[in-house]
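K.L.:
model-v6.pdb is the file, holding PDB, N, CA and C atoms, pLDDT in the B column:
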```pdb
ATOM      1  N   MET V1413     -14.526 -53.038  29.671  1.00 48.00           N
ATOM      2  CA  MET V1413     -14.454 -51.921  28.753  1.00 48.00           C
ATOM      3  C   MET V1413     -15.832 -51.269  28.584  1.00 48.00           C
ATOM      4  N   ARG V1414     -16.858 -52.091  28.492  1.00 57.00           N
ATOM      5  CA  ARG V1414     -18.207 -51.556  28.297  1.00 57.00           C
ATOM      6  C   ARG V1414     -18.672 -50.749  29.512  1.00 57.00           C
ATOM      7  N   ILE V1415     -18.318 -51.191  30.703  1.00 56.00           N
ATOM      8  CA  ILE V1415     -18.702 -50.475  31.921  1.00 56.00           C
ATOM      9  C   ILE V1415     -18.007 -49.117  31.965  1.00 56.00           C
ATOM     10  N   ALA V1416     -16.761 -49.080  31.510  1.00 55.00           N
ATOM     11  CA  ALA V1416     -16.039 -47.805  31.486  1.00 55.00           C
ATOM     12  C   ALA V1416     -16.697 -46.831  30.520  1.00 55.00           C
ATOM     13  N   ASN V1417     -17.171 -47.313  29.376  1.00 58.00           N
ATOM     14  CA  ASN V1417     -17.865 -46.452  28.413  1.00 58.00           C
ATOM     15  C   ASN V1417     -19.180 -45.934  28.985  1.00 58.00           C
ATOM     16  N   LEU V1418     -19.877 -46.801  29.728  1.00 54.00           N
ATOM     17  CA  LEU V1418     -21.137 -46.390  30.335  1.00 54.00           C
ATOM     18  C   LEU V1418     -20.902 -45.322  31.397  1.00 54.00           C
ATOM     19  N   MET V1419     -19.888 -45.480  32.205  1.00 59.00           N
ATOM     20  CA  MET V1419     -19.566 -44.490  33.226  1.00 59.00           C
ATOM     21  C   MET V1419     -19.142 -43.168  32.589  1.00 59.00           C
ATOM     22  N   ASN V1420     -18.386 -43.249  31.505  1.00 65.00           N
ATOM     23  CA  ASN V1420     -17.965 -42.040  30.799  1.00 65.00           C
ATOM     24  C   ASN V1420     -19.176 -41.321  30.214  1.00 65.00           C
ATOM     25  N   TYR V1421     -20.130 -42.082  29.679  1.00 62.00           N
ATOM     26  CA  TYR V1421     -21.357 -41.496  29.135  1.00 62.00           C
ATOM     27  C   TYR V1421     -22.148 -40.789  30.225  1.00 62.00           C
ATOM     28  N   LYS V1422     -22.262 -41.413  31.400  1.00 68.00           N
ATOM     29  CA  LYS V1422     -23.015 -40.813  32.500  1.00 68.00           C
ATOM     30  C   LYS V1422     -22.337 -39.552  33.014  1.00 68.00           C
ATOM     31  N   THR V1423     -21.005 -39.549  33.057  1.00 72.00           N
ATOM     32  CA  THR V1423     -20.317 -38.346  33.519  1.00 72.00           C
ATOM     33  C   THR V1423     -20.425 -37.216  32.510  1.00 72.00           C
ATOM     34  N   GLN V1424     -20.699 -37.528  31.257  1.00 72.00           N
ATOM     35  CA  GLN V1424     -20.893 -36.489  30.246  1.00 72.00           C
ATOM     36  C   GLN V1424     -22.324 -35.977  30.227  1.00 72.00           C
ATOM     37  N   ILE V1425     -23.280 -36.853  30.458  1.00 78.00           N
ATOM     38  CA  ILE V1425     -24.676 -36.474  30.261  1.00 78.00           C
ATOM     39  C   ILE V1425     -25.264 -35.724  31.460  1.00 78.00           C
ATOM     40  N   TYR V1426     -24.895 -36.081  32.685  1.00 81.00           N
ATOM     41  CA  TYR V1426     -25.479 -35.429  33.850  1.00 81.00           C
ATOM     42  C   TYR V1426     -25.176 -33.937  33.933  1.00 81.00           C
ATOM     43  N   PRO V1427     -23.948 -33.500  33.692  1.00 83.00           N
ATOM     44  CA  PRO V1427     -23.725 -32.039  33.715  1.00 83.00           C
ATOM     45  C   PRO V1427     -24.477 -31.301  32.614  1.00 83.00           C
ATOM     46  N   LYS V1428     -24.642 -31.947  31.468  1.00 83.00           N
ATOM     47  CA  LYS V1428     -25.385 -31.295  30.381  1.00 83.00           C
ATOM     48  C   LYS V1428     -26.860 -31.149  30.724  1.00 83.00           C
ATOM     49  N   ILE V1429     -27.427 -32.174  31.326  1.00 84.00           N
ATOM     50  CA  ILE V1429     -28.837 -32.095  31.734  1.00 84.00           C
ATOM     51  C   ILE V1429     -29.011 -31.033  32.817  1.00 84.00           C
ATOM     52  N   LEU V1430     -28.100 -31.025  33.780  1.00 87.00           N
ATOM     53  CA  LEU V1430     -28.179 -30.050  34.860  1.00 87.00           C
ATOM     54  C   LEU V1430     -28.028 -28.623  34.334  1.00 87.00           C
ATOM     55  N   PHE V1431     -27.091 -28.410  33.424  1.00 88.00           N
ATOM     56  CA  PHE V1431     -26.906 -27.076  32.851  1.00 88.00           C
ATOM     57  C   PHE V1431     -28.142 -26.639  32.075  1.00 88.00           C
ATOM     58  N   ALA V1432     -28.704 -27.523  31.261  1.00 87.00           N
ATOM     59  CA  ALA V1432     -29.893 -27.179  30.482  1.00 87.00           C
ATOM     60  C   ALA V1432     -31.074 -26.868  31.390  1.00 87.00           C
ATOM     61  N   LEU V1433     -31.219 -27.628  32.455  1.00 89.00           N
ATOM     62  CA  LEU V1433     -32.315 -27.402  33.392  1.00 89.00           C
ATOM     63  C   LEU V1433     -32.170 -26.059  34.104  1.00 89.00           C
ATOM     64  N   ILE V1434     -30.986 -25.763  34.599  1.00 92.00           N
ATOM     65  CA  ILE V1434     -30.759 -24.493  35.297  1.00 92.00           C
ATOM     66  C   ILE V1434     -30.887 -23.313  34.345  1.00 92.00           C
ATOM     67  N   PHE V1435     -30.316 -23.439  33.155  1.00 90.00           N
ATOM     68  CA  PHE V1435     -30.352 -22.354  32.171  1.00 90.00           C
ATOM     69  C   PHE V1435     -31.783 -22.033  31.746  1.00 90.00           C
ATOM     70  N   ASN V1436     -32.568 -23.044  31.409  1.00 89.00           N
ATOM     71  CA  ASN V1436     -33.931 -22.806  30.944  1.00 89.00           C
ATOM     72  C   ASN V1436     -34.849 -22.339  32.067  1.00 89.00           C
ATOM     73  N   THR V1437     -34.627 -22.814  33.281  1.00 90.00           N
ATOM     74  CA  THR V1437     -35.417 -22.329  34.412  1.00 90.00           C
ATOM     75  C   THR V1437     -35.116 -20.861  34.692  1.00 90.00           C
ATOM     76  N   THR V1438     -33.844 -20.488  34.607  1.00 92.00           N
ATOM     77  CA  THR V1438     -33.465 -19.087  34.801  1.00 92.00           C
ATOM     78  C   THR V1438     -34.089 -18.197  33.726  1.00 92.00           C
ATOM     79  N   LEU V1439     -34.046 -18.656  32.484  1.00 89.00           N
ATOM     80  CA  LEU V1439     -34.672 -17.879  31.403  1.00 89.00           C
ATOM     81  C   LEU V1439     -36.175 -17.728  31.618  1.00 89.00           C
ATOM     82  N   PHE V1440     -36.815 -18.789  32.091  1.00 88.00           N
ATOM     83  CA  PHE V1440     -38.254 -18.745  32.319  1.00 88.00           C
ATOM     84  C   PHE V1440     -38.603 -17.766  33.435  1.00 88.00           C
ATOM     85  N   LEU V1441     -37.812 -17.764  34.508  1.00 90.00           N
ATOM     86  CA  LEU V1441     -38.058 -16.814  35.602  1.00 90.00           C
ATOM     87  C   LEU V1441     -37.802 -15.378  35.156  1.00 90.00           C
ATOM     88  N   LEU V1442     -36.747 -15.166  34.387  1.00 88.00           N
ATOM     89  CA  LEU V1442     -36.481 -13.821  33.858  1.00 88.00           C
ATOM     90  C   LEU V1442     -37.584 -13.369  32.906  1.00 88.00           C
ATOM     91  N   LEU V1443     -38.147 -14.310  32.180  1.00 86.00           N
ATOM     92  CA  LEU V1443     -39.247 -13.992  31.272  1.00 86.00           C
ATOM     93  C   LEU V1443     -40.441 -13.447  32.058  1.00 86.00           C
ATOM     94  N   PHE V1444     -40.770 -14.077  33.169  1.00 85.00           N
ATOM     95  CA  PHE V1444     -41.902 -13.606  33.974  1.00 85.00           C
ATOM     96  C   PHE V1444     -41.619 -12.261  34.622  1.00 85.00           C
ATOM     97  N   ILE V1445     -40.375 -12.022  35.014  1.00 87.00           N
ATOM     98  CA  ILE V1445     -40.031 -10.731  35.602  1.00 87.00           C
ATOM     99  C   ILE V1445     -40.122  -9.623  34.552  1.00 87.00           C
ATOM    100  N   CYS V1446     -39.620  -9.880  33.362  1.00 82.00           N
ATOM    101  CA  CYS V1446     -39.607  -8.861  32.302  1.00 82.00           C
ATOM    102  C   CYS V1446     -40.972  -8.622  31.688  1.00 82.00           C
ATOM    103  N   ILE V1447     -41.862  -9.574  31.804  1.00 82.00           N
ATOM    104  CA  ILE V1447     -43.181  -9.465  31.175  1.00 82.00           C
ATOM    105  C   ILE V1447     -44.093  -8.500  31.917  1.00 82.00           C
ATOM    106  N   GLN V1448     -43.758  -8.121  33.120  1.00 81.00           N
ATOM    107  CA  GLN V1448     -44.641  -7.315  33.950  1.00 81.00           C
ATOM    108  C   GLN V1448     -45.022  -5.989  33.296  1.00 81.00           C
ATOM    109  N   ASN V1449     -44.140  -5.406  32.525  1.00 76.00           N
ATOM    110  CA  ASN V1449     -44.424  -4.107  31.917  1.00 76.00           C
ATOM    111  C   ASN V1449     -44.863  -4.200  30.468  1.00 76.00           C
ATOM    112  N   SER V1450     -45.170  -5.391  30.014  1.00 76.00           N
ATOM    113  CA  SER V1450     -45.563  -5.581  28.622  1.00 76.00           C
ATOM    114  C   SER V1450     -47.040  -5.234  28.441  1.00 76.00           C
ATOM    115  N   SER V1451     -47.317  -4.380  27.474  1.00 79.00           N
ATOM    116  CA  SER V1451     -48.704  -3.978  27.260  1.00 79.00           C
ATOM    117  C   SER V1451     -49.266  -4.490  25.928  1.00 79.00           C
ATOM    118  N   LYS V1452     -48.410  -4.810  24.963  1.00 82.00           N
ATOM    119  CA  LYS V1452     -48.891  -5.309  23.674  1.00 82.00           C
ATOM    120  C   LYS V1452     -49.247  -6.783  23.793  1.00 82.00           C
ATOM    121  N   LYS V1453     -50.460  -7.117  23.385  1.00 83.00           N
ATOM    122  CA  LYS V1453     -50.931  -8.494  23.499  1.00 83.00           C
ATOM    123  C   LYS V1453     -51.401  -8.982  22.140  1.00 83.00           C
ATOM    124  N   SER V1454     -51.331 -10.289  21.973  1.00 84.00           N
ATOM    125  CA  SER V1454     -51.742 -10.903  20.715  1.00 84.00           C
ATOM    126  C   SER V1454     -52.311 -12.289  21.009  1.00 84.00           C
ATOM    127  N   LYS V1455     -53.035 -12.839  20.045  1.00 83.00           N
ATOM    128  CA  LYS V1455     -53.584 -14.185  20.167  1.00 83.00           C
ATOM    129  C   LYS V1455     -52.853 -15.102  19.197  1.00 83.00           C
ATOM    130  N   ILE V1456     -52.727 -16.366  19.578  1.00 81.00           N
ATOM    131  CA  ILE V1456     -52.127 -17.372  18.707  1.00 81.00           C
ATOM    132  C   ILE V1456     -53.259 -18.170  18.085  1.00 81.00           C
ATOM    133  N   ASN V1457     -53.269 -18.250  16.770  1.00 84.00           N
ATOM    134  CA  ASN V1457     -54.300 -19.003  16.063  1.00 84.00           C
ATOM    135  C   ASN V1457     -53.802 -20.416  15.777  1.00 84.00           C
ATOM    136  N   PHE V1458     -54.470 -21.398  16.379  1.00 79.00           N
ATOM    137  CA  PHE V1458     -54.193 -22.791  16.087  1.00 79.00           C
ATOM    138  C   PHE V1458     -55.141 -23.231  14.982  1.00 79.00           C
ATOM    139  N   LEU V1459     -55.078 -24.502  14.584  1.00 80.00           N
ATOM    140  CA  LEU V1459     -55.953 -24.974  13.509  1.00 80.00           C
ATOM    141  C   LEU V1459     -57.426 -24.897  13.891  1.00 80.00           C
ATOM    142  N   ILE V1460     -57.732 -25.201  15.132  1.00 84.00           N
ATOM    143  CA  ILE V1460     -59.136 -25.245  15.553  1.00 84.00           C
ATOM    144  C   ILE V1460     -59.522 -24.023  16.384  1.00 84.00           C
ATOM    145  N   ASN V1461     -58.707 -23.680  17.353  1.00 86.00           N
ATOM    146  CA  ASN V1461     -59.033 -22.610  18.297  1.00 86.00           C
ATOM    147  C   ASN V1461     -57.960 -21.539  18.286  1.00 86.00           C
ATOM    148  N   GLU V1462     -58.191 -20.503  19.059  1.00 84.00           N
ATOM    149  CA  GLU V1462     -57.156 -19.504  19.292  1.00 84.00           C
ATOM    150  C   GLU V1462     -57.029 -19.283  20.795  1.00 84.00           C
ATOM    151  N   THR V1463     -55.860 -18.850  21.216  1.00 80.00           N
ATOM    152  CA  THR V1463     -55.590 -18.686  22.636  1.00 80.00           C
ATOM    153  C   THR V1463     -56.164 -17.368  23.149  1.00 80.00           C
ATOM    154  N   ILE V1464     -56.047 -17.179  24.431  1.00 82.00           N
ATOM    155  CA  ILE V1464     -56.413 -15.888  25.013  1.00 82.00           C
ATOM    156  C   ILE V1464     -55.336 -14.875  24.630  1.00 82.00           C
ATOM    157  N   SER V1465     -55.573 -13.624  24.882  1.00 84.00           N
ATOM    158  CA  SER V1465     -54.585 -12.598  24.578  1.00 84.00           C
ATOM    159  C   SER V1465     -53.377 -12.745  25.502  1.00 84.00           C
ATOM    160  N   LEU V1466     -52.224 -12.958  24.897  1.00 81.00           N
ATOM    161  CA  LEU V1466     -50.975 -13.115  25.647  1.00 81.00           C
ATOM    162  C   LEU V1466     -50.014 -12.016  25.234  1.00 81.00           C
ATOM    163  N   PRO V1467     -49.158 -11.575  26.146  1.00 84.00           N
ATOM    164  CA  PRO V1467     -48.148 -10.594  25.759  1.00 84.00           C
ATOM    165  C   PRO V1467     -47.207 -11.171  24.691  1.00 84.00           C
ATOM    166  N   ILE V1468     -46.848 -10.335  23.737  1.00 84.00           N
ATOM    167  CA  ILE V1468     -45.987 -10.784  22.645  1.00 84.00           C
ATOM    168  C   ILE V1468     -44.636 -11.253  23.181  1.00 84.00           C
ATOM    169  N   SER V1469     -44.125 -10.590  24.204  1.00 84.00           N
ATOM    170  CA  SER V1469     -42.845 -11.006  24.767  1.00 84.00           C
ATOM    171  C   SER V1469     -42.928 -12.401  25.377  1.00 84.00           C
ATOM    172  N   PHE V1470     -44.079 -12.776  25.929  1.00 84.00           N
ATOM    173  CA  PHE V1470     -44.239 -14.131  26.468  1.00 84.00           C
ATOM    174  C   PHE V1470     -44.261 -15.154  25.348  1.00 84.00           C
ATOM    175  N   ILE V1471     -44.920 -14.840  24.250  1.00 85.00           N
ATOM    176  CA  ILE V1471     -44.983 -15.762  23.116  1.00 85.00           C
ATOM    177  C   ILE V1471     -43.585 -15.997  22.545  1.00 85.00           C
ATOM    178  N   ILE V1472     -42.838 -14.930  22.341  1.00 86.00           N
ATOM    179  CA  ILE V1472     -41.490 -15.052  21.790  1.00 86.00           C
ATOM    180  C   ILE V1472     -40.567 -15.753  22.784  1.00 86.00           C
ATOM    181  N   GLY V1473     -40.623 -15.376  24.042  1.00 88.00           N
ATOM    182  CA  GLY V1473     -39.760 -15.975  25.057  1.00 88.00           C
ATOM    183  C   GLY V1473     -40.037 -17.447  25.275  1.00 88.00           C
ATOM    184  N   SER V1474     -41.305 -17.819  25.334  1.00 87.00           N
ATOM    185  CA  SER V1474     -41.628 -19.234  25.553  1.00 87.00           C
ATOM    186  C   SER V1474     -41.249 -20.082  24.342  1.00 87.00           C
ATOM    187  N   SER V1475     -41.349 -19.527  23.131  1.00 89.00           N
ATOM    188  CA  SER V1475     -40.906 -20.291  21.961  1.00 89.00           C
ATOM    189  C   SER V1475     -39.394 -20.453  21.956  1.00 89.00           C
ATOM    190  N   PHE V1476     -38.659 -19.437  22.417  1.00 89.00           N
ATOM    191  CA  PHE V1476     -37.205 -19.556  22.520  1.00 89.00           C
ATOM    192  C   PHE V1476     -36.820 -20.611  23.551  1.00 89.00           C
ATOM    193  N   ILE V1477     -37.484 -20.616  24.689  1.00 90.00           N
ATOM    194  CA  ILE V1477     -37.177 -21.583  25.742  1.00 90.00           C
ATOM    195  C   ILE V1477     -37.519 -23.001  25.288  1.00 90.00           C
ATOM    196  N   SER V1478     -38.645 -23.177  24.626  1.00 90.00           N
ATOM    197  CA  SER V1478     -38.993 -24.525  24.148  1.00 90.00           C
ATOM    198  C   SER V1478     -38.008 -24.993  23.075  1.00 90.00           C
ATOM    199  N   GLY V1479     -37.510 -24.081  22.245  1.00 91.00           N
ATOM    200  CA  GLY V1479     -36.479 -24.448  21.273  1.00 91.00           C
ATOM    201  C   GLY V1479     -35.178 -24.810  21.951  1.00 91.00           C
ATOM    202  N   SER V1480     -34.845 -24.126  23.024  1.00 89.00           N
ATOM    203  CA  SER V1480     -33.634 -24.444  23.774  1.00 89.00           C
ATOM    204  C   SER V1480     -33.739 -25.815  24.427  1.00 89.00           C
ATOM    205  N   ILE V1481     -34.890 -26.138  24.963  1.00 88.00           N
ATOM    206  CA  ILE V1481     -35.100 -27.451  25.583  1.00 88.00           C
ATOM    207  C   ILE V1481     -35.030 -28.556  24.537  1.00 88.00           C
ATOM    208  N   SER V1482     -35.695 -28.365  23.406  1.00 89.00           N
ATOM    209  CA  SER V1482     -35.667 -29.409  22.374  1.00 89.00           C
ATOM    210  C   SER V1482     -34.270 -29.556  21.777  1.00 89.00           C
ATOM    211  N   GLY V1483     -33.530 -28.469  21.643  1.00 88.00           N
ATOM    212  CA  GLY V1483     -32.149 -28.569  21.164  1.00 88.00           C
ATOM    213  C   GLY V1483     -31.261 -29.309  22.132  1.00 88.00           C
ATOM    214  N   SER V1484     -31.463 -29.093  23.425  1.00 85.00           N
ATOM    215  CA  SER V1484     -30.690 -29.819  24.436  1.00 85.00           C
ATOM    216  C   SER V1484     -30.999 -31.312  24.390  1.00 85.00           C
ATOM    217  N   LEU V1485     -32.280 -31.637  24.235  1.00 83.00           N
ATOM    218  CA  LEU V1485     -32.647 -33.046  24.162  1.00 83.00           C
ATOM    219  C   LEU V1485     -32.094 -33.707  22.903  1.00 83.00           C
ATOM    220  N   LEU V1486     -32.109 -32.998  21.788  1.00 85.00           N
ATOM    221  CA  LEU V1486     -31.569 -33.562  20.556  1.00 85.00           C
ATOM    222  C   LEU V1486     -30.071 -33.797  20.655  1.00 85.00           C
ATOM    223  N   SER V1487     -29.358 -32.890  21.305  1.00 81.00           N
ATOM    224  CA  SER V1487     -27.920 -33.092  21.456  1.00 81.00           C
ATOM    225  C   SER V1487     -27.623 -34.268  22.376  1.00 81.00           C
ATOM    226  N   LEU V1488     -28.453 -34.482  23.399  1.00 77.00           N
ATOM    227  CA  LEU V1488     -28.255 -35.634  24.275  1.00 77.00           C
ATOM    228  C   LEU V1488     -28.560 -36.939  23.556  1.00 77.00           C
ATOM    229  N   ILE V1489     -29.559 -36.921  22.694  1.00 78.00           N
ATOM    230  CA  ILE V1489     -29.895 -38.124  21.924  1.00 78.00           C
ATOM    231  C   ILE V1489     -28.772 -38.450  20.940  1.00 78.00           C
ATOM    232  N   SER V1490     -28.230 -37.431  20.304  1.00 75.00           N
ATOM    233  CA  SER V1490     -27.137 -37.683  19.361  1.00 75.00           C
ATOM    234  C   SER V1490     -25.877 -38.142  20.078  1.00 75.00           C
ATOM    235  N   LEU V1491     -25.665 -37.680  21.310  1.00 68.00           N
ATOM    236  CA  LEU V1491     -24.519 -38.130  22.094  1.00 68.00           C
ATOM    237  C   LEU V1491     -24.672 -39.614  22.445  1.00 68.00           C
ATOM    238  N   LYS V1492     -25.912 -40.018  22.721  1.00 65.00           N
ATOM    239  CA  LYS V1492     -26.172 -41.430  23.051  1.00 65.00           C
ATOM    240  C   LYS V1492     -25.956 -42.308  21.826  1.00 65.00           C
ATOM    241  N   LYS V1493     -26.342 -41.849  20.638  1.00 64.00           N
ATOM    242  CA  LYS V1493     -26.200 -42.646  19.428  1.00 64.00           C
ATOM    243  C   LYS V1493     -24.737 -42.809  19.027  1.00 64.00           C
ATOM    244  N   GLU V1494     -23.882 -41.872  19.419  1.00 60.00           N
ATOM    245  CA  GLU V1494     -22.463 -41.980  19.099  1.00 60.00           C
ATOM    246  C   GLU V1494     -21.798 -43.096  19.877  1.00 60.00           C
ATOM    247  N   ARG V1495     -22.326 -43.457  21.005  1.00 58.00           N
ATOM    248  CA  ARG V1495     -21.724 -44.498  21.841  1.00 58.00           C
ATOM    249  C   ARG V1495     -21.982 -45.853  21.292  1.00 58.00           C
TER     250      ARG V1495
END
```
Show how you would write the structure in this file as structure tokens.

P.N.:
Amino acid sequence: MRIANLMNYKTQIYPKILFALIFNTTLFLLLFICIQNSSKKSKINFLINETISLPISFIIGSSFISGSISGSLLSLISLKKER
């Protein structure tokens, strides 16, 4: 019974990882294509330093992609805890 649950878990998790990887990679490539015509730039202020001038669309897009990746990982972790 335990082996069947493990196999069921693996068949659920691999397509989710593959979908998240393909989806986020596609978004990242589209981000670089769309950024070519961006002229407005801004700096990000961290606690100690600030970054170089980056296009605002890159800042927003990369934060969206990182949120999508972390959300995918959290859903996979919660799926593992349910088992």

K.L.:
Check which residues satisfy the PyMOL selection byres ((chain V and resi 1455) around 8) in the file shown, then give them as number ranges by chain.

P.N.:
V: 1453-1454, 1456-1458, 1462-1468

K.L.:
Spell out the residues picked by the PyMOL selection byres (((chain V and resi 1428 and name CA) around 12) and name CA) here, as a list in words.

P.N.:
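Evaluating the PyMOL selection byres (((chain V and resi 1428 and name CA) around 12) and name CA) on these coordinates yields Tyr1421, Lys1422, Thr1423, Gln1424, Ile1425, Tyr1426, Pro1427, Ile1429, Leu1430, Phe1431, Ala1432, Leu1433, Ile1434, Phe1435, Ile1481, Gly1483, Ser1484, Leu1485, Leu1486, Ser1487, Leu1488, Ile1489 and Leu1491 of chain V.
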
K.L.:
Could you check how far CA of Ser1451 (chain V) sits from CA of Ser1480 (chain V), in Å to one decimal?

P.N.:
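That distance, rounded to one decimal, is 25.7 Å.
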
K.L.:
Could you please determine the separation between atom N of Leu1443 (chain V) and atom C of Ser1482 (chain V) in Å, to one decimal place?

P.N.:
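These two atoms are separated by 18.9 Å.
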
K.L.:
Taking only chain V into account, list the residues labelled strand (DSSP E) by DSSP (computed from the backbone), as a ChimeraX atom specification.

P.N.:
/V:1453-1454,1466-1467

K.L.:
Give the padded box for region 1471-1483 of chain V as lines of an AutoDock Vina configuration file: axis-aligned, covering all atoms listed in the file, 8 Å on each side, centre and edge lengths in Å to one decimal.

P.N.:
```
center_x = -38.1
center_y = -22.2
center_z = 23.5
size_x = 29.7
size_y = 30.7
size_z = 20.6
```

K.L.:
Find the distance between atom N of Gln1448 (chain V) and atom C of Ile1477 (chain V) and write it in Å to one decimal.

P.N.:
17.9 Å

K.L.:
DSSP says helix (DSSP H, G or I) for which residues of chain V? Put them as a ChimeraX atom specification?

P.N.:
/V:1414-1449,1468-1494
